Amino acid sequence: MRGQGITRRAFAAGTLGSGLILGSGRAPAIAQGKRDLRVGVWGGEFGNLSPVIRFDIQGGLVLYNIFDGLVKTDFAKRTIEPSLALEWTNPDPLTWRIKLREGVKWQKGFGEFTAEDVVYCWNFHIESKSFQVGTALFPVDSVKADGKYVVEVKTKLPFGAFPGVTMGYGGTIISAKAHKEMGNQAYSATPVGNGPFQIESKRGTEITLVKNPDYWQPGLPKLDKIVYRAIPDSTTRLQALLKNELDFVTHPDPKELAQVRKNTNFVVNSTPGWEWDFQQFNLKNSKPDAPFRNKLVRQAISYAIDREAIVKEIYYGEALATDNQIPAGYLGYRGPMLKYPKNGDLKKAKELMAQAGVKGYEVEVITSDKDWLRKELELVAAMVSQIGITYKLKNMDMGGYNNLWLNQRYDQVLEDITLVAPDPDATCWWFLHGKGNASGYDLPLMDGMLDGARSELDQGKREGLYHKIVDHTLEECPLIYHCNTNNIQVFNKNVKGFVPTPQEYMERLDTVEWG
Amino acid sequence: MWRYLGRRLIQVPLVLVVVSLMTFLITRATPGDPVQIMLGMQTSKEAAEAMRKEFNLDRSLPEQYALWIGKVVQGDLGRSIRLNDPVTSLLAERLPVSLQLAASAMAFALLVSIPLGVIAALRRNSWIDYLCTGYTVAGFAIPNFGLALILIYVFSIQLDWLPITGIGTAEQVSGGLWTYIKPFIIPAIALGTLQTAILTRLLRSSMIDVLSQDYMRTARAKGLLPATIIVVHALKNAMIPFVTMAAIQFGYMIGIQVTIEYIFAVPGMGSAVLNAVVNRDFPVIQGFTLVISAFFLFANIMADLFYALLDPRIRY
Amino acid sequence: MAVVQPSSPATPYRITGSFVLAARQFPRHRAAMVGLVLLVLICLAAALAPWIAPYDPVQIKLSAKLKPPSFEHLLGTDHFGRDVFSRLIYGGRTSLSVGVLVVVFAFVLGVPLGLASGYFGGRIDNLLMRLVDAFLTFPPLLLAVALVGLLGPDIQNVMLALGLVQAPVLARIVRGSTLAVREDVYVTAARALGAGPARIVLSHILRNVMSPIVVQLTIVFSAAVVAEASLSFLGFGTQPPQPSWGRDMSEARRFLGDAPWMFMAPTGIIMLCVLSINFLGDGLRDALDPRAWRTRRQLSKGEG
């Protein structure tokens, strides 16, 4: 096996040169006949797994393998495809009729999936005022079943993004029977779903899923068992994969990917993501004399940011510089960089500062406990210091951060978000509308544009409306976007069939198998 | 002695009440709302209020505390706001893992410190004594997370001898003995090195103390007893402070595991408290600190007991 | 070889006498002298940082990133091109000032508590000591994490948290020593002469319990330095871009393979700092209290 010897030596030489932290990685486990997968995910303990209570990233990664949605997103084509809903019609602007797939069974013998479940689930959301009432179900006025397999929804206003947002993000349905019998708490700990896998056991940082024997799609899932482990430290998680303690990891440290890519035993999958990093200014209730209330200062900051440097130094190339909130392939998309140069323009930034008559000032900027945001903020602070602005950094833990951010008790934040549905409404409304919970902005003109784009049914007209919203955002800079970060997975080379996804937690493993 | 023990035990609930009251006040007096964190930015006011009500967070502080302590007396530590599980079942998952890690670190500390301390005391100013001093000095000085990272780099990554993660996983528990022990080795060394240093130093000096007692010197000088018996006898006496200290240190270990748990992805008590603090999960913070404190208190009482049992001169 | 003077039985409690003796004793402890010199050097470097540090510790220079040690950069550069040596010196300001302020805090809070408890005894003692017990049973690092997490990641909060953790240990020790001297002849004499409790405690008892206090404070200091590093490692301590030894270690960990100097430098300096303080404490203990060599050193909490 001469060829093998040469490759291995060449690889060893490569590692010596850079002295990498990961070692060479063991030879992968024997794949033959293996039917279980060990997955390492970001985060602490697994919390809630029910779609009717808010879930975190590690919860979402598991949840979307227990449940099927009414629709599914074709990430490659950026379209909404049928799943548990076979077809949907919009007979009048305020009515949606959804036809459901027949013969889908709930796990663990909880009967058939019917229109009653959808009615029960959406009414539960509405009655419990769940998080979905704000995001996906806000237009819903009433839901009723028309026979066993048809759901009829009346909306309060025409809502063009109904299939993507309401049926997409809000379309993970719970079992009425199981939920009633188990109670909301027990259900959220070990939910009964209708997806490819069901929960076998759950203990703290580890969840074991097994194949759902009654799954409606023939031949799926291909694995018998998945063990998810939540590992908070990104370096540890990746090292554990390379040492064969895991088979598949999410959210690796992008710094290591160049090295991992040289290792032929592992596959790196890096997909341009629906994740944004952005700076946000509190224009709602910061002090009236805050220098950043001047739009020229905000523009100057946007010009001072070298977005390419962020992509390179913080994400090691696993991101795409962008200055606006609509990603490639979506309604309203025109390009990643629409107004600001990707390497920044210091001269222009200084001119704008002079034009604004602001000499330089100090401002407290907060961010949460995501380590990449902390590093990014350090770099961004150095960039804006060149135009005389001093960022005083404050890294908060999640609790302290949310307390300041959601109550608008901050001057400036660095934050990242994930798009939950393939519609621009999801990245615009909540961050720019005066009533959006994450918004530090309050301008009737913008509110009007956002509401208008939301209730317009004609997709062509909506596109134009979102162009206007984006242009206004670029001009006013209530938020300054830095980049879209990639959604990255690393796995053993013998793990086949994974379908890449740009969405942080919709990683389906039903098609994955050992080959 | 039994009276003393009785008095100590009576004081335990008193101290725990103070601990729980302090934890309660610290959590409530500081910014951060668990409900808001749990429900996130998309929530509605009504949902938040409903949830506050569910966890009694809408009541006055004295009421909240009274309700909580009333349940605690009945063995109910409440329910985690974030995880939705009873705190007691979280404890049942986490405590054994932490105890195993602490026990393995202590086992390492004992395995190294007893021979090292004894030999260093018997061969004072020899190379092995200097080695012992060097080791204890370094062991005191290096932060455990620094040592952990160096050990991982050398033994897991470069040499590929030992795994990094695996403590507390189903795979570990269901495997054989070696599968079970393997993941503990590096964390135990990283965590136990400080204790090793403390215990080695203590054993060395108390051995020297005992060996220099008049009766020991006489016995040795007259050749009355074989050397081994002398060592055994001296060790028996030197063990009194040693065992006491070991018990106290064991009590501490659960509280100092946080950094180690983070690095090695150990699902122990420390990381649970860390997550609970970050998410303002009040019931978990309160329940876990209570248990950690109780554990520490009992370790201390055990230390006193050992002291009394091993040394008949001590009367409380 | 000069004969080592035991503290004379006639003047066992004269503070001036024992300090003079201690001052004579101390330099004989070689390790302690080494510790003292090292500590003074580290403190001086931190104090004179703006004059000594060759570079700005926070200025980012991406073109110079991850350079190995050279004459230009004595300890190399980090991932943002910042001089590791300069960061070490400035980081000392953070770590040492945390150490000093925690010592002050522990002293101000712990000593009066311990004195009051030990001197008055009875109910006050019982109450205060239960409070101290309660604080002692809190795992120190977790308490610090909780306080910093809940109060916000300011360096003042780190100090407050660590001080709160350390003060009860000190209170315990002071109480013990106070109990031991409170019934001594000179105290009873002072009491008979009509001296009030404040006067007795301050002028007679405090000076006689100073030696365990000083020794314990050295332990508090080193525990605080390590605890600050641990907190910063977990992301709860010093805020970037402010250099801190613990935070720099956690950052350097990602570059352990490519740039080991980034990791070795802060680890080394923390070890050196803790070592020299420990040596200093040992020397002080031996010098201040000739009987102390028998009693086992109070081992502090706070390592983590």
# chains A, B, ... in the order shown; residues from 1 in each chain; ligands from 1
$ interface_residues --of "chain B" --to "chain A" --cutoff "8 Å" --atoms "only C-alpha atoms" --output "PyMOL selection string"
chain B and resi 31-34+36-44+46-47+82-85+90+93-94+153+157-158+160+163-166+169+262-265+267+272+275+277-280
$ select_by_dssp --residues "stretch 37-184 of chain C" --states "alpha helix (DSSP H)" --output "count of residues only"
108
$ residues_around --residues "B:Trp68" --least-positions-apart "6" --cutoff "12 Å" --atoms "only C-alpha atoms" --output "list of chain:residue names"
B:Val17, B:Ser20, B:Leu21, B:Phe24, B:Phe55, B:Asn56, B:Leu57, B:Arg59, B:Leu61, B:Pro62, B:Gln74, B:Gly75, B:Asp76, B:Leu77, B:Gly78, B:Arg79, B:Phe282, B:Pro283, B:Val284, B:Gln286, B:Gly287
$ write_last_selection --atoms "C-alpha atoms" --output "PDB file, in the first residue's frame"
ATOM      1  CA  VAL B  17     -31.152  28.239  56.008  1.00  0.00           C
ATOM      2  CA  SER B  20     -30.465  29.426  51.064  1.00  0.00           C
ATOM      3  CA  LEU B  21     -31.547  32.850  52.203  1.00  0.00           C
ATOM      4  CA  PHE B  24     -32.286  33.621  47.312  1.00  0.00           C
ATOM      5  CA  PHE B  55     -43.157  29.746  39.062  1.00  0.00           C
ATOM      6  CA  ASN B  56     -44.517  32.030  41.803  1.00  0.00           C
ATOM      7  CA  LEU B  57     -42.306  34.832  40.537  1.00  0.00           C
ATOM      8  CA  ARG B  59     -45.432  36.976  44.483  1.00  0.00           C
ATOM      9  CA  LEU B  61     -40.125  37.989  48.032  1.00  0.00           C
ATOM     10  CA  PRO B  62     -40.957  36.694  51.539  1.00  0.00           C
ATOM     11  CA  GLN B  74     -40.775  18.042  52.043  1.00  0.00           C
ATOM     12  CA  GLY B  75     -37.903  17.098  49.755  1.00  0.00           C
ATOM     13  CA  ASP B  76     -39.148  19.072  46.771  1.00  0.00           C
ATOM     14  CA  LEU B  77     -36.579  21.487  45.345  1.00  0.00           C
ATOM     15  CA  GLY B  78     -38.918  22.914  42.753  1.00  0.00           C
ATOM     16  CA  ARG B  79     -38.743  22.750  38.985  1.00  0.00           C
ATOM     17  CA  PHE B 282     -33.535  30.417  40.079  1.00  0.00           C
ATOM     18  CA  PRO B 283     -34.825  27.037  41.318  1.00  0.00           C
ATOM     19  CA  VAL B 284     -31.722  25.286  39.986  1.00  0.00           C
ATOM     20  CA  GLN B 286     -31.055  27.613  44.832  1.00  0.00           C
ATOM     21  CA  GLY B 287     -31.381  23.836  44.903  1.00  0.00           C
TER      22      GLY B 287
END
$ closest_residue --among "A:Met446, A:Leu379, A:Ala356, A:Met506" --to "A:Thr418" --atoms "only C-alpha atoms"
A:Met506
$ interface_residues --of "chain B" --to "chain C" --cutoff "6 Å" --atoms "only C-alpha atoms" --output "PyMOL selection string"
chain B and resi 15+19+30+141-142+255-256+277+293+296
$ interface_residues --of "chain C" --to "chain A" --cutoff "9 Å" --atoms "only C-alpha atoms" --output "list in words"
Val58, Gln59, Ile60, Leu62, His79, Phe80, Gly149, Leu150, Leu151, Gly152, Pro153, Asp154, Gly235, Phe236, Gln239, Pro240, Pro241, Arg253, Arg254, Phe255, Leu256, Gly257, Asp258 and Ala259 of chain C
$ write_last_selection --atoms "C-alpha atoms" --output "mmCIF file, in the first residue's frame"
data_model
loop_
_atom_site.group_PDB
_atom_site.id
_atom_site.type_symbol
_atom_site.label_atom_id
_atom_site.label_comp_id
_atom_site.auth_asym_id
_atom_site.auth_seq_id
_atom_site.Cartn_x
_atom_site.Cartn_y
_atom_site.Cartn_z
ATOM 1 C CA VAL C 58 -4.576 46.619 22.912
ATOM 2 C CA GLN C 59 -3.622 48.080 19.538
ATOM 3 C CA ILE C 60 -4.507 45.545 16.868
ATOM 4 C CA LEU C 62 -3.157 42.215 11.838
ATOM 5 C CA HIS C 79 -3.733 36.446 16.928
ATOM 6 C CA PHE C 80 -4.460 40.160 16.580
ATOM 7 C CA GLY C 149 -22.999 36.657 36.373
ATOM 8 C CA LEU C 150 -25.792 38.315 38.262
ATOM 9 C CA LEU C 151 -24.194 41.689 38.906
ATOM 10 C CA GLY C 152 -22.509 42.078 35.546
ATOM 11 C CA PRO C 153 -18.988 41.424 34.341
ATOM 12 C CA ASP C 154 -17.250 44.458 35.794
ATOM 13 C CA GLY C 235 -15.600 34.600 30.329
ATOM 14 C CA PHE C 236 -16.869 36.103 33.565
ATOM 15 C CA GLN C 239 -13.450 42.568 29.690
ATOM 16 C CA PRO C 240 -11.565 42.699 26.407
ATOM 17 C CA PRO C 241 -9.533 44.341 25.065
ATOM 18 C CA ARG C 253 -5.812 27.865 23.937
ATOM 19 C CA ARG C 254 -7.093 27.926 20.352
ATOM 20 C CA PHE C 255 -3.544 28.631 19.241
ATOM 21 C CA LEU C 256 -1.824 26.081 21.468
ATOM 22 C CA GLY C 257 -0.527 24.342 18.373
ATOM 23 C CA ASP C 258 0.320 27.323 16.165
ATOM 24 C CA ALA C 259 1.537 29.763 18.801
#
$ residues_around --residues "C:Ile205" --least-positions-apart "5" --cutoff "7 Å" --atoms "only C-alpha atoms" --output "PyMOL selection string"
chain C and resi 178+181+200
$ residues_around --residues "A:Phe248" --least-positions-apart "4" --cutoff "6 Å" --atoms "only C-alpha atoms" --output "VMD selection string"
chain A and resid 39 490 to 491
$ atom_distance --atom1 "atom CA of B:Gln249" --atom2 "atom CA of B:Asn237"
19.7 Å
$ residues_around --residues "B:Phe250" --least-positions-apart "3" --cutoff "8 Å" --atoms "only C-alpha atoms" --output "MDAnalysis selection string"
chainID B and resid 102:103 106 246:247 253:254 299
$ atom_distance --atom1 "atom CA of A:Ala421" --atom2 "atom CA of A:Trp216"
24.5 Å
$ select_by_dssp --residues "stretch 267-402 of chain A" --states "strand (DSSP E)" --output "VMD selection string"
chain A and resid 267 to 281 319 to 321 361 to 367 389 to 395
$ atom_distance --atom1 "atom CA of B:Ala48" --atom2 "atom CA of A:Val420"
21.7 Å
$ residues_around --residues "B:Met207" --least-positions-apart "4" --cutoff "8 Å" --atoms "only C-alpha atoms" --output "JSON, numbers by chain"
{"B": [117, 118, 121, 203, 211, 234, 235, 237, 238]}
$ closest_residue --among "A:Asn282, A:Gln459, A:Gln408, A:Asn212" --to "A:Leu331" --atoms "only C-alpha atoms"
A:Gln459
